[in-house]
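Undergrad: Sending over entry25.cif (mmCIF, C-alpha atoms and all ligand atoms).
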```cif
data_query
#
loop_
_atom_site.label_atom_id
_atom_site.label_comp_id
_atom_site.auth_asym_id
_atom_site.auth_seq_id
_atom_site.Cartn_x
_atom_site.Cartn_y
_atom_site.Cartn_z
CA ARG A 1 1.88 -24.66 -13.18
CA SER A 2 4.39 -25.48 -10.44
CA ALA A 3 3.75 -28.90 -8.95
CA SER A 4 3.86 -27.56 -5.43
CA SER A 5 0.91 -25.22 -5.72
CA PRO A 6 -2.53 -26.78 -6.25
CA ALA A 7 -3.99 -26.20 -9.70
CA LYS A 8 -5.21 -22.62 -9.53
CA ASP A 9 -8.37 -21.25 -10.90
CA GLU A 10 -7.88 -19.74 -14.36
CA ARG A 11 -9.38 -16.51 -13.06
CA PHE A 12 -6.29 -15.69 -11.06
CA TYR A 13 -3.97 -15.95 -14.02
CA PRO A 14 -3.60 -12.98 -16.35
CA ARG A 15 -5.56 -13.74 -19.45
CA LEU A 16 -2.98 -13.85 -22.23
CA THR A 17 -5.37 -12.60 -24.85
CA ILE A 18 -4.45 -9.21 -26.16
CA ASP A 19 -7.59 -7.13 -26.44
CA SER A 20 -6.06 -4.56 -28.74
CA LYS A 21 -9.10 -2.29 -28.78
CA GLU A 22 -9.40 -1.12 -25.19
CA ASN A 23 -6.35 -2.43 -23.47
CA SER A 24 -2.63 -2.58 -23.31
CA ILE A 25 -1.10 -0.56 -26.07
CA MET A 26 1.85 -2.87 -26.36
CA HIS A 27 5.33 -1.61 -26.98
CA SER A 28 8.48 -3.67 -26.81
CA SER A 29 10.21 -1.09 -24.60
CA PRO A 30 12.56 -2.76 -22.05
CA HIS A 31 10.60 -1.86 -18.94
CA GLN A 32 7.34 -2.85 -20.61
CA PHE A 33 5.43 -5.38 -18.54
CA LYS A 34 4.70 -8.76 -20.22
CA LEU A 35 1.97 -8.86 -22.84
CA GLY A 36 -1.42 -9.63 -21.49
CA SER A 37 -4.24 -7.93 -19.68
CA LEU A 38 -5.34 -8.37 -16.12
CA SER A 39 -8.83 -7.65 -14.96
CA VAL A 40 -8.43 -4.67 -12.65
CA CYS A 41 -10.90 -2.92 -10.38
CA TYR A 42 -10.49 0.51 -8.74
CA LEU A 43 -12.48 1.82 -5.80
CA TYR A 44 -13.77 5.34 -5.92
CA SER A 45 -16.64 7.69 -5.05
CA GLU A 46 -17.07 11.48 -5.03
CA GLU A 47 -17.73 11.49 -1.29
CA TYR A 48 -14.67 9.29 -0.67
CA ILE A 49 -12.42 11.64 -2.64
CA ARG A 50 -13.93 14.74 -1.00
CA LEU A 51 -13.36 13.34 2.50
CA CYS A 52 -9.77 12.25 1.71
CA ASN A 53 -9.07 15.69 0.25
CA LYS A 54 -9.73 17.19 3.68
CA LEU A 55 -6.90 15.27 5.40
CA PRO A 56 -4.66 18.04 6.77
CA LYS A 57 -1.27 16.90 5.51
CA ILE A 58 -2.30 15.76 2.07
CA PRO A 59 -4.80 18.40 0.94
CA ASN A 60 -6.48 17.56 -2.36
CA ARG A 61 -4.17 14.58 -2.93
CA ALA A 62 -7.04 12.19 -3.65
CA SER A 63 -8.47 14.45 -6.36
CA MET A 64 -5.07 14.92 -7.97
CA VAL A 65 -4.41 11.18 -8.06
CA HIS A 66 -7.84 10.39 -9.48
CA SER A 67 -7.68 13.20 -12.06
CA LEU A 68 -4.24 12.15 -13.32
CA LEU A 69 -5.39 8.54 -13.73
CA GLU A 70 -8.38 9.77 -15.72
CA ALA A 71 -6.29 12.20 -17.80
CA TYR A 72 -3.94 9.37 -18.81
CA GLY A 73 -6.93 7.22 -19.80
CA LEU A 74 -5.90 4.63 -17.24
CA LEU A 75 -9.45 4.22 -15.91
CA ASP A 76 -10.83 3.28 -19.35
CA PRO A 77 -9.79 -0.42 -19.20
CA ILE A 78 -10.49 -0.62 -15.45
CA THR A 79 -13.73 -1.54 -13.66
CA VAL A 80 -14.34 1.56 -11.53
CA LEU A 81 -16.43 0.52 -8.52
CA ARG A 82 -18.35 3.04 -6.43
CA CYS A 83 -17.34 2.22 -2.89
CA ARG A 84 -19.77 1.90 -0.03
CA LYS A 85 -19.14 2.73 3.62
CA ALA A 86 -18.03 -0.05 5.98
CA THR A 87 -20.63 -0.99 8.58
CA GLN A 88 -19.93 -0.72 12.31
CA HIS A 89 -19.91 -4.53 12.37
CA GLU A 90 -17.18 -4.63 9.71
CA LEU A 91 -15.14 -1.93 11.48
CA THR A 92 -15.31 -3.81 14.81
CA SER A 93 -13.96 -6.98 13.20
CA PHE A 94 -10.63 -5.35 14.16
CA HIS A 95 -11.26 -2.11 16.02
CA THR A 96 -12.84 -1.95 19.50
CA THR A 97 -16.47 -0.88 19.79
CA ASP A 98 -15.41 1.89 22.17
CA TYR A 99 -13.08 3.38 19.59
CA ILE A 100 -15.59 3.15 16.74
CA GLU A 101 -18.38 4.66 18.89
CA TYR A 102 -15.99 7.48 19.82
CA LEU A 103 -15.39 8.23 16.14
CA GLN A 104 -19.14 8.23 15.56
CA LYS A 105 -19.59 10.65 18.45
CA ILE A 106 -17.04 13.18 17.22
CA ASN A 107 -18.07 12.83 13.59
CA ASP A 108 -20.59 15.68 13.74
CA GLU A 109 -18.80 17.64 16.42
CA ASP A 110 -17.01 20.62 14.96
CA ASP A 111 -16.21 22.26 18.31
CA SER A 112 -12.65 20.94 18.37
CA GLU A 113 -12.07 22.13 21.96
CA LYS A 114 -14.82 19.87 23.26
CA VAL A 115 -13.48 16.96 21.19
CA ASP A 116 -9.92 17.38 22.41
CA GLU A 117 -10.82 16.41 25.99
CA MET A 118 -11.68 12.87 24.84
CA SER A 119 -9.10 12.81 22.08
CA GLN A 120 -5.98 11.89 24.01
CA GLU A 121 -7.58 8.60 25.05
CA TYR A 122 -7.95 7.44 21.43
CA GLY A 123 -4.71 8.65 19.91
CA MET A 124 -6.28 11.78 18.46
CA GLY A 125 -4.10 14.79 18.83
CA TYR A 126 -1.20 16.22 16.90
CA ASP A 127 -0.45 13.27 14.59
CA CYS A 128 -4.13 12.50 14.03
CA PRO A 129 -6.05 15.74 14.42
CA SER A 130 -9.72 15.12 15.17
CA MET A 131 -11.72 16.36 12.20
CA PRO A 132 -15.45 16.70 11.51
CA GLY A 133 -16.63 13.82 9.33
CA VAL A 134 -13.88 11.51 10.58
CA TYR A 135 -16.35 8.61 10.93
CA ASP A 136 -17.56 9.14 7.37
CA LEU A 137 -13.94 9.13 6.19
CA VAL A 138 -13.17 5.94 8.14
CA GLY A 139 -16.26 4.26 6.66
CA CYS A 140 -15.23 5.13 3.11
CA VAL A 141 -11.56 4.13 3.46
CA ALA A 142 -12.39 0.82 5.16
CA GLY A 143 -15.37 0.15 2.88
CA ALA A 144 -13.23 0.64 -0.22
CA THR A 145 -10.47 -1.72 0.91
CA ILE A 146 -12.97 -4.36 2.10
CA GLN A 147 -14.79 -4.11 -1.24
CA ALA A 148 -11.48 -4.42 -3.11
CA ALA A 149 -10.72 -7.57 -1.12
CA GLN A 150 -14.20 -8.89 -1.92
CA CYS A 151 -13.43 -8.56 -5.66
CA LEU A 152 -10.47 -10.92 -5.18
CA LEU A 153 -12.62 -13.35 -3.17
CA ASP A 154 -15.26 -13.34 -5.93
CA GLY A 155 -12.60 -13.63 -8.62
CA THR A 156 -14.13 -10.62 -10.39
CA ALA A 157 -10.67 -9.02 -10.47
CA ASP A 158 -7.05 -10.19 -10.61
CA VAL A 159 -5.84 -6.88 -9.14
CA ALA A 160 -7.96 -4.60 -6.92
CA ILE A 161 -6.70 -1.05 -6.31
CA ASN A 162 -7.56 1.43 -3.53
CA TRP A 163 -5.00 4.25 -3.82
CA PHE A 164 -6.72 6.11 -0.96
CA GLY A 165 -6.28 3.26 1.52
CA GLY A 166 -3.18 1.74 3.09
CA TRP A 167 -3.44 3.38 6.55
CA HIS A 168 -1.10 0.87 8.17
CA HIS A 169 -0.45 2.47 11.63
CA ALA A 170 -3.97 2.50 13.16
CA LYS A 171 -4.36 0.29 16.24
CA ARG A 172 -7.50 -1.60 17.26
CA ASP A 173 -8.37 0.96 19.93
CA GLU A 174 -6.71 4.15 18.75
CA ALA A 175 -5.65 6.27 15.83
CA ALA A 176 -1.89 6.40 15.19
CA GLY A 177 0.51 8.00 12.77
CA PHE A 178 -2.15 9.86 10.85
CA CYS A 179 -4.19 6.68 10.44
CA TYR A 180 -7.74 6.69 11.86
CA VAL A 181 -8.70 3.19 10.74
CA ASN A 182 -6.57 0.24 9.74
CA ASP A 183 -8.21 -0.56 6.42
CA VAL A 184 -5.28 -2.87 5.62
CA VAL A 185 -6.08 -5.20 8.56
CA LEU A 186 -9.79 -5.10 7.65
CA GLY A 187 -8.99 -6.03 4.03
CA ILE A 188 -6.75 -8.91 5.13
CA LEU A 189 -9.45 -10.19 7.54
CA LYS A 190 -11.84 -10.21 4.56
CA LEU A 191 -9.31 -12.15 2.43
CA LYS A 192 -8.87 -14.66 5.27
CA GLU A 193 -12.46 -15.77 4.65
CA LYS A 194 -11.16 -17.62 1.60
CA PHE A 195 -7.36 -17.59 1.43
CA ASN A 196 -5.17 -19.55 3.86
CA ARG A 197 -1.82 -17.90 3.23
CA ILE A 198 -1.81 -14.13 2.71
CA MET A 199 1.39 -12.17 2.15
CA TYR A 200 1.35 -8.51 3.14
CA ILE A 201 4.13 -6.37 1.64
CA ASP A 202 4.68 -2.81 2.89
CA ILE A 203 7.04 -0.53 0.93
CA ASP A 204 5.99 2.72 2.62
CA LEU A 205 8.89 4.67 4.21
CA HIS A 206 7.42 3.83 7.63
CA HIS A 207 7.23 0.40 9.31
CA GLY A 208 3.80 -1.18 8.86
CA ASP A 209 3.47 -1.67 12.62
CA GLY A 210 -0.34 -1.73 12.90
CA VAL A 211 -0.63 -4.56 10.37
CA GLU A 212 2.35 -6.47 11.77
CA ASN A 213 0.95 -6.26 15.32
CA ALA A 214 -2.44 -7.54 14.18
CA PHE A 215 -0.94 -10.71 12.67
CA SER A 216 2.32 -11.31 14.58
CA PHE A 217 0.84 -14.37 16.31
CA THR A 218 -0.37 -16.22 13.21
CA SER A 219 1.20 -18.04 10.27
CA LYS A 220 -1.90 -17.36 8.13
CA VAL A 221 -0.55 -13.90 7.28
CA MET A 222 3.10 -13.19 6.51
CA THR A 223 3.93 -9.50 6.86
CA VAL A 224 7.02 -8.13 5.08
CA SER A 225 7.96 -4.49 5.63
CA LEU A 226 10.85 -2.53 4.13
CA HIS A 227 11.23 0.82 5.86
CA LYS A 228 13.47 3.46 7.37
CA TYR A 229 14.70 2.41 10.83
CA ALA A 230 16.49 5.13 12.80
CA PRO A 231 16.52 6.38 16.39
CA GLY A 232 13.44 8.51 16.99
CA PHE A 233 11.98 7.93 13.53
CA PHE A 234 8.26 7.01 13.72
CA PRO A 235 7.13 4.38 14.72
CA SER A 236 10.69 3.24 15.75
CA THR A 237 9.75 -0.47 15.46
CA GLY A 238 10.60 -3.12 12.84
CA ASN A 239 14.23 -4.18 13.23
CA GLN A 240 15.47 -7.40 11.64
CA ASN A 241 15.11 -9.36 14.90
CA ASP A 242 11.39 -8.60 15.03
CA ILE A 243 10.25 -11.89 13.47
CA GLY A 244 6.85 -12.68 15.02
CA ILE A 245 5.87 -14.70 18.10
CA GLY A 246 4.32 -18.05 18.96
CA ARG A 247 2.77 -19.69 15.92
CA GLY A 248 3.63 -16.52 14.02
CA LYS A 249 7.37 -16.89 14.62
CA PHE A 250 9.30 -16.43 11.34
CA TYR A 251 6.15 -15.08 9.59
CA THR A 252 7.06 -11.47 10.33
CA VAL A 253 9.85 -10.09 8.16
CA ASN A 254 11.41 -6.68 8.66
CA VAL A 255 13.99 -4.97 6.45
CA PRO A 256 15.29 -1.91 8.33
CA LEU A 257 17.10 0.57 6.08
CA TYR A 258 18.92 3.91 6.39
CA ASP A 259 18.46 7.17 4.48
CA GLY A 260 19.57 7.67 0.91
CA ILE A 261 18.85 4.26 -0.62
CA GLN A 262 18.32 4.38 -4.39
CA ASP A 263 16.48 2.21 -6.91
CA VAL A 264 19.15 -0.36 -7.81
CA GLN A 265 20.07 -1.31 -4.23
CA TYR A 266 16.43 -1.19 -3.10
CA ASN A 267 15.26 -3.41 -5.97
CA SER A 268 18.04 -5.88 -5.24
CA VAL A 269 17.01 -6.07 -1.57
CA PHE A 270 13.31 -6.28 -2.46
CA ASN A 271 13.79 -9.07 -5.01
CA ARG A 272 16.09 -11.13 -2.77
CA VAL A 273 13.80 -10.92 0.27
CA LEU A 274 10.45 -11.23 -1.52
CA ASN A 275 11.37 -14.04 -3.91
CA GLU A 276 12.76 -16.05 -0.99
CA ALA A 277 9.70 -15.27 1.14
CA LYS A 278 7.44 -16.38 -1.71
CA ARG A 279 9.40 -19.62 -2.15
CA CYS A 280 9.28 -20.40 1.59
CA TYR A 281 5.69 -19.35 2.25
CA ASN A 282 3.94 -19.99 -1.06
CA PRO A 283 1.24 -17.32 -0.56
CA GLU A 284 -2.16 -17.52 -2.27
CA VAL A 285 -2.82 -13.78 -2.38
CA ILE A 286 -0.75 -10.59 -2.05
CA VAL A 287 -1.59 -7.31 -0.31
CA LEU A 288 0.80 -4.52 -1.31
CA GLN A 289 0.87 -1.21 0.58
CA CYS A 290 2.49 1.28 -1.83
CA GLY A 291 3.15 4.34 0.30
CA VAL A 292 5.47 6.53 -1.79
CA ASP A 293 7.00 8.80 0.87
CA THR A 294 10.19 7.00 -0.23
CA ILE A 295 10.44 9.03 -3.43
CA SER A 296 13.18 11.59 -4.08
CA GLY A 297 11.58 14.99 -3.50
CA ASP A 298 9.18 13.85 -0.77
CA PRO A 299 9.30 16.18 2.26
CA MET A 300 10.22 13.16 4.41
CA CYS A 301 13.54 13.55 2.60
CA SER A 302 14.71 10.07 3.59
CA PHE A 303 14.92 7.43 0.84
CA ASN A 304 15.90 8.42 -2.68
CA LEU A 305 13.77 6.18 -4.88
CA THR A 306 12.01 6.97 -8.16
CA PRO A 307 8.70 5.67 -9.55
CA HIS A 308 10.76 3.41 -11.86
CA GLY A 309 12.34 1.65 -8.88
CA ILE A 310 9.01 1.24 -7.08
CA GLY A 311 7.53 0.02 -10.36
CA LYS A 312 10.10 -2.76 -10.47
CA CYS A 313 8.97 -3.95 -7.04
CA LEU A 314 5.38 -4.06 -8.31
CA LYS A 315 6.48 -5.99 -11.42
CA THR A 316 8.26 -8.58 -9.24
CA THR A 317 5.03 -9.31 -7.37
CA LEU A 318 2.80 -9.12 -10.49
CA ASP A 319 5.04 -11.73 -12.14
CA TRP A 320 3.92 -14.19 -9.45
CA LYS A 321 0.50 -14.14 -11.14
CA LEU A 322 -1.36 -14.16 -7.80
CA PRO A 323 -4.44 -12.07 -7.01
CA MET A 324 -3.31 -8.73 -5.62
CA LEU A 325 -4.81 -6.02 -3.42
CA VAL A 326 -2.89 -2.78 -4.10
CA LEU A 327 -3.20 0.08 -1.59
CA GLY A 328 -1.77 3.57 -1.19
CA GLY A 329 -0.29 5.08 2.00
CA GLY A 330 2.20 7.86 2.64
CA GLY A 331 3.31 10.34 -0.01
CA TYR A 332 3.58 14.01 0.92
CA ASN A 333 4.90 15.53 -2.28
CA ILE A 334 1.47 15.45 -3.79
CA PRO A 335 2.26 15.76 -7.53
CA HIS A 336 5.03 13.15 -7.09
CA THR A 337 2.55 10.83 -5.37
CA ALA A 338 0.09 11.20 -8.24
CA ARG A 339 2.88 10.63 -10.81
CA CYS A 340 3.97 7.47 -9.02
CA TRP A 341 0.54 5.89 -8.55
CA ALA A 342 -0.38 6.69 -12.16
CA TYR A 343 2.82 4.97 -13.30
CA LEU A 344 2.12 1.95 -11.04
CA THR A 345 -1.43 1.72 -12.41
CA SER A 346 -0.01 1.68 -15.96
CA ILE A 347 2.25 -1.23 -14.96
CA VAL A 348 -0.70 -3.21 -13.59
CA LEU A 349 -2.48 -2.62 -16.91
CA GLY A 350 0.64 -3.38 -18.94
CA GLN A 351 -0.10 -0.10 -20.69
CA GLU A 352 2.69 2.30 -21.61
CA ILE A 353 1.90 5.96 -20.85
CA PRO A 354 3.68 9.04 -22.28
CA SER A 355 6.15 11.03 -20.18
CA GLU A 356 4.29 14.25 -20.87
CA ILE A 357 1.72 14.98 -18.16
CA PRO A 358 -1.59 15.25 -20.07
CA GLU A 359 -3.65 18.46 -19.93
CA HIS A 360 -6.16 18.25 -17.04
CA GLU A 361 -7.56 20.26 -14.13
CA TYR A 362 -4.33 20.08 -12.05
CA PHE A 363 -1.83 20.34 -14.93
CA THR A 364 -0.15 23.45 -13.47
CA GLU A 365 0.78 21.49 -10.31
CA TYR A 366 3.26 19.46 -12.38
CA GLY A 367 5.55 22.31 -13.35
CA PRO A 368 8.22 23.21 -14.19
CA ASP A 369 8.89 20.00 -16.12
CA TYR A 370 5.35 18.65 -16.66
CA GLN A 371 6.96 15.19 -16.99
CA LEU A 372 6.05 11.88 -15.37
CA GLU A 373 9.63 10.87 -14.50
CA ILE A 374 11.32 11.88 -11.24
CA GLU A 375 15.12 12.00 -10.94
CA PRO A 376 16.93 10.82 -7.79
CA SER A 377 18.41 13.58 -5.59
CA LEU A 378 22.15 14.06 -5.02
CA ARG A 379 22.11 12.79 -1.44
CA LYS A 380 24.44 10.43 0.44
CA ASN A 381 23.36 6.80 0.71
CA HIS A 382 23.88 5.48 4.25
CA ASN A 383 23.26 1.84 3.33
CA SER A 384 26.64 0.21 2.84
CA ASP A 385 26.77 -3.02 0.85
CA GLU A 386 27.98 -4.92 3.90
CA TYR A 387 25.07 -3.58 5.95
CA ILE A 388 22.65 -4.79 3.28
CA SER A 389 24.41 -8.13 2.97
CA ASN A 390 24.20 -8.71 6.75
CA ILE A 391 20.48 -7.88 6.79
CA LEU A 392 19.84 -10.26 3.88
CA THR A 393 21.76 -13.06 5.62
CA THR A 394 19.74 -12.64 8.82
CA ILE A 395 16.42 -12.56 6.97
CA SER A 396 17.31 -15.54 4.80
CA GLY A 397 18.30 -17.48 7.92
CA ASN A 398 14.91 -16.77 9.48
CA LEU A 399 12.92 -17.62 6.34
CA GLN A 400 14.70 -21.01 6.10
CA LYS A 401 13.12 -21.93 9.44
CA ILE A 402 9.61 -21.82 7.98
CA PRO A 403 8.34 -25.40 7.80
CA SER A 404 7.93 -26.38 4.12
CA PRO A 405 4.26 -26.95 3.09
CA THR A 406 4.68 -30.72 2.60
CA SER A 407 5.90 -31.23 6.19
C1 LIG A 501 1.50 13.99 9.87
C2 LIG A 501 2.31 13.22 8.86
C3 LIG A 501 1.49 12.10 8.23
C4 LIG A 501 2.87 14.15 7.79
N1 LIG A 501 4.31 14.13 8.04
C5 LIG A 501 5.30 14.94 7.34
C6 LIG A 501 5.24 14.76 5.87
C7 LIG A 501 5.14 16.13 5.27
C8 LIG A 501 4.77 17.07 6.35
C9 LIG A 501 5.05 16.42 7.64
C10 LIG A 501 4.63 13.28 9.01
O1 LIG A 501 5.76 13.02 9.40
N2 LIG A 501 3.52 12.69 9.49
C11 LIG A 501 3.54 11.82 10.60
C12 LIG A 501 3.55 12.38 11.87
C13 LIG A 501 3.55 11.57 12.99
C14 LIG A 501 3.54 10.17 12.83
C15 LIG A 501 3.53 9.61 11.55
C16 LIG A 501 3.55 10.40 10.41
C17 LIG A 501 3.60 9.81 9.07
C18 LIG A 501 3.25 8.51 8.86
C19 LIG A 501 3.32 7.84 7.54
O2 LIG A 501 3.55 8.42 6.50
N3 LIG A 501 3.14 6.49 7.56
O3 LIG A 501 3.25 5.76 6.41
ZN ZN A 502 4.83 6.67 5.47
#
```
Can you present the structure in this file as C-alpha cells?
TA:
Amino acid sequence: RSASSPAKDERFYPRLTIDSKENSIMHSSPHQFKLGSLSVCYLYSEEYIRLCNKLPKIPNRASMVHSLLEAYGLLDPITVLRCRKATQHELTSFHTTDYIEYLQKINDEDDSEKVDEMSQEYGMGYDCPSMPGVYDLVGCVAGATIQAAQCLLDGTADVAINWFGGWHHAKRDEAAGFCYVNDVVLGILKLKEKFNRIMYIDIDLHHGDGVENAFSFTSKVMTVSLHKYAPGFFPSTGNQNDIGIGRGKFYTVNVPLYDGIQDVQYNSVFNRVLNEAKRCYNPEVIVLQCGVDTISGDPMCSFNLTPHGIGKCLKTTLDWKLPMLVLGGGGYNIPHTARCWAYLTSIVLGQEIPSEIPEHEYFTEYGPDYQLEIEPSLRKNHNSDEYISNILTTISGNLQKIPSPTS
C-alpha cells in the first residue's frame, strides 16, 4: 500500500485468489491481464435493451453487444443486475425539472409533428430525434448507471459495467449530440455521496463536454478527455487550454488530437497523461467512458485504433486497483462496437477469449472474417510527434499546479 493513500478497504483490491472453476482461464499470453479475479457487475434488462435498440443511429446495437457477451460466456462470472428506472428525483439531481417533464410529456406522443413544435427548445431535432418512449429510455439508461455507481458505493463490486450508458453530451436542460440524459453526470453525483476525489476518463472520439461542464468548477471531480479536435467537428470544445475554472482550475484535462492516430501513439499519450494525473490527483474511484467510435472501420472514419489499443488503456486504469465504473458511448460500426466491448469485458475479467466469434443469433453480422480482431486502416496519421510532445508538455505543466494532498 502506498503511504500516501489511506489504508484502503480490502474490497476495492482485486482478490488474488484464483477461482479456477468459474473464473479467469489463465494463460501466460503477453497481453494477458494479471492473475486474479475482480468482482464485476453488469447492468441489464430486456426493456432496457429493447429501448436502446430503437435508437435511430445504432439500431439493435444493444442486443448485439449483450448477445456477444453471452455467447463468449463472459456473463457467467459476472453478477448480472436487472436495472431499474431512475426516478424523477434522481434525474433532476442534474437535469432541470422543465426538461424532465418535457420528456415525460412526449414519451407517449407518437405524433412527431406535434412534438417537433416544442422540440427545438430542448435540443430535440436532427441530432436527437424525438422518439416515443424517450422518457422510458432515459429512465433505464440513468437508472442503470446510478445502480452501477451504487454497487461501487456498497463495495459489492470492484468494477461496475453499463455498456449502454456513457451519454456524455446531454446538458442539464437539453438533449445534445444524440444524448437525451447525461447518465455519466448522474453516476458521478451518486459516487460523490461517498468518494471525495473522482476521476472521469473519456476516450470516446468526441469531447466529453456535458460531463466537463457539469464539474468544471470543482476539484472533487477531475475530468480527462482524449478526443478529436478539429474545426467544425462536434462539439468543437476541449482544447488543451480548457483547464477548468475557479476551484476547478487544473482539474479539467483535455487532450485534443487529429485524425489517423493509431494504437502505439495513442497508448503512449494515454499512459503519460493518465499516470501523471493519477499521481497528482490521487483519485479514489474511476469512471471510464469507453465510446469506441475511435476504432478503424467506424463510419466516423477519424481515429485508427483497434480494440487491442483501447484494451491497453483499460489495463492501465485497472492496474491502479481502484473501484471502476465502466460505461459505453459512441460506436457506429455495430459489429466492431460489440467486438470491442466484449474484448474489454474479457480484460476486466482477466479471461482470455478466442479470436473466433462464437456461434450465436447475430453470428452472420461478423462476416466475412468472423474474427474478434480488427486491423488498423491504411490512413494517414495527422498527429506529428512534435504536436504530441507539445500537448504533453502543456498538460504536464498544468497538472504540476495541482496542490499536493499533504499541502
Ligand atoms: C447522430 C450521430 C450520433 C451518428 N453520427 C454518425 C455516425 C454514423 C452515422 C452518422 C453522428 O455523427 N452523430 C452525431 C451527430 C450530431 C452530433 C453528435 C453526434 C455523435 C456524437 C457522439 O458519438 N458522441 O460520443
Ligand atoms: Zn462519440
Undergrad: Do you know which residues are within 6 Å of ligand ZN 502 (chain A) using only C-alpha atoms and all ligand atoms? Can you write them as a PyMOL selection string?
TA: chain A and resi 204-206+291+293+330
Undergrad: Would you mind reading off the distance between atom CA of A:Asn271 and atom CA of A:Lys315, one decimal, in Å?
TA: 10.2 Å
Undergrad: Could you give me the residues within 10 Å of ligand LIG 501 (chain A), counting only C-alpha atoms and all ligand atoms, as a ChimeraX atom specification?
TA: /A:55-58,126-129,166-170,176-179,202-209,227,233-235,289-294,298-301,328-334
Undergrad: To one decimal place in Å, what is the distance between atom CA of A:Arg247 and atom CA of A:Leu91?
TA: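 So the answer is 25.6 Å.
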Undergrad: Counting only C-alpha atoms, which of A:Val269, A:Val255, A:Leu378, A:Cys280 gets nearest to A:Pro405?
TA: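 Ranking A:Val269, A:Val255, A:Leu378, A:Cys280 by distance to A:Pro405, first place goes to A:Cys280.
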Undergrad: Tell me, as a list of chain:residue names, which residues lie within 7 Å of A:Tyr42, counting only C-alpha atoms; anything in the same chain fewer than 5 positions away does not count.
TA: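 In the requested form, the answer reads A:Ile78, A:Thr79, A:Val80, A:Leu81, A:Ala160, A:Ile161, A:Asn162.
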Undergrad: Rounded to one decimal, what separation in Å do you get between atom CA of A:Gly143 and atom CA of A:Glu121?
TA: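 Here the two named atoms are 25.0 Å from each other.
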Undergrad: Find the residue from A:Val287, A:Gly187, A:Asp158, A:Ala175 that sits nearest to A:Thr96; use all atoms listed in the file when measuring.
TA: A:Ala175
Undergrad: For A:Arg197, find every residue with an atom within 8 Å (counting all atoms listed in the file), except residues of its own chain fewer than 5 positions away, and show them as an NGL selection string.
TA: :A and (219-222 or 281-285)
Undergrad: Point out the residue among A:Asp108, A:Glu90, A:Asp76, A:Glu70 with the least atom-to-atom distance to A:Val40, counting all atoms listed in the file.
TA: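 For A:Val40, the nearest of the candidates is A:Asp76.
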Undergrad: With distances taken over only C-alpha atoms, which residue among A:Pro256, A:Pro354, A:Gly155, A:Pro368 lies nearest A:Ile388?
TA: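 Counting only C-alpha atoms, the residue closest to A:Ile388 is A:Pro256.
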Undergrad: What's the 12 Å shell around A:Leu189, counting only C-alpha atoms, without same-chain residues fewer than 4 positions away, as a PyMOL selection string?
TA: chain A and resi 90-95+142+145-147+149-150+153+182-185+193-198+200+211+214-215+220-221+287
Undergrad: I'd like the box whose edges run along x, y and z of the file and which contains every listed atom of stretch 185-192 of chain A, padded by 8 Å per side; could you state its centre and edge lengths in Å, one decimal, as JSON?
TA:
```
{"center_x": -9.0, "center_y": -9.9, "center_z": 5.5, "size_x": 21.8, "size_y": 25.6, "size_z": 22.1}
```
Undergrad: A:Ala230, A:Leu74, A:Ser268, A:Pro59: which is nearest A:Val348, counting all atoms listed in the file?
TA: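 Using all atoms listed in the file, the shortest distance to A:Val348 belongs to A:Leu74.
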Undergrad: From the options A:Leu392, A:Glu174, A:Thr218, A:Lys380, which residue's atoms come nearest to A:Asp98, counting all atoms listed in the file?
TA: A:Glu174
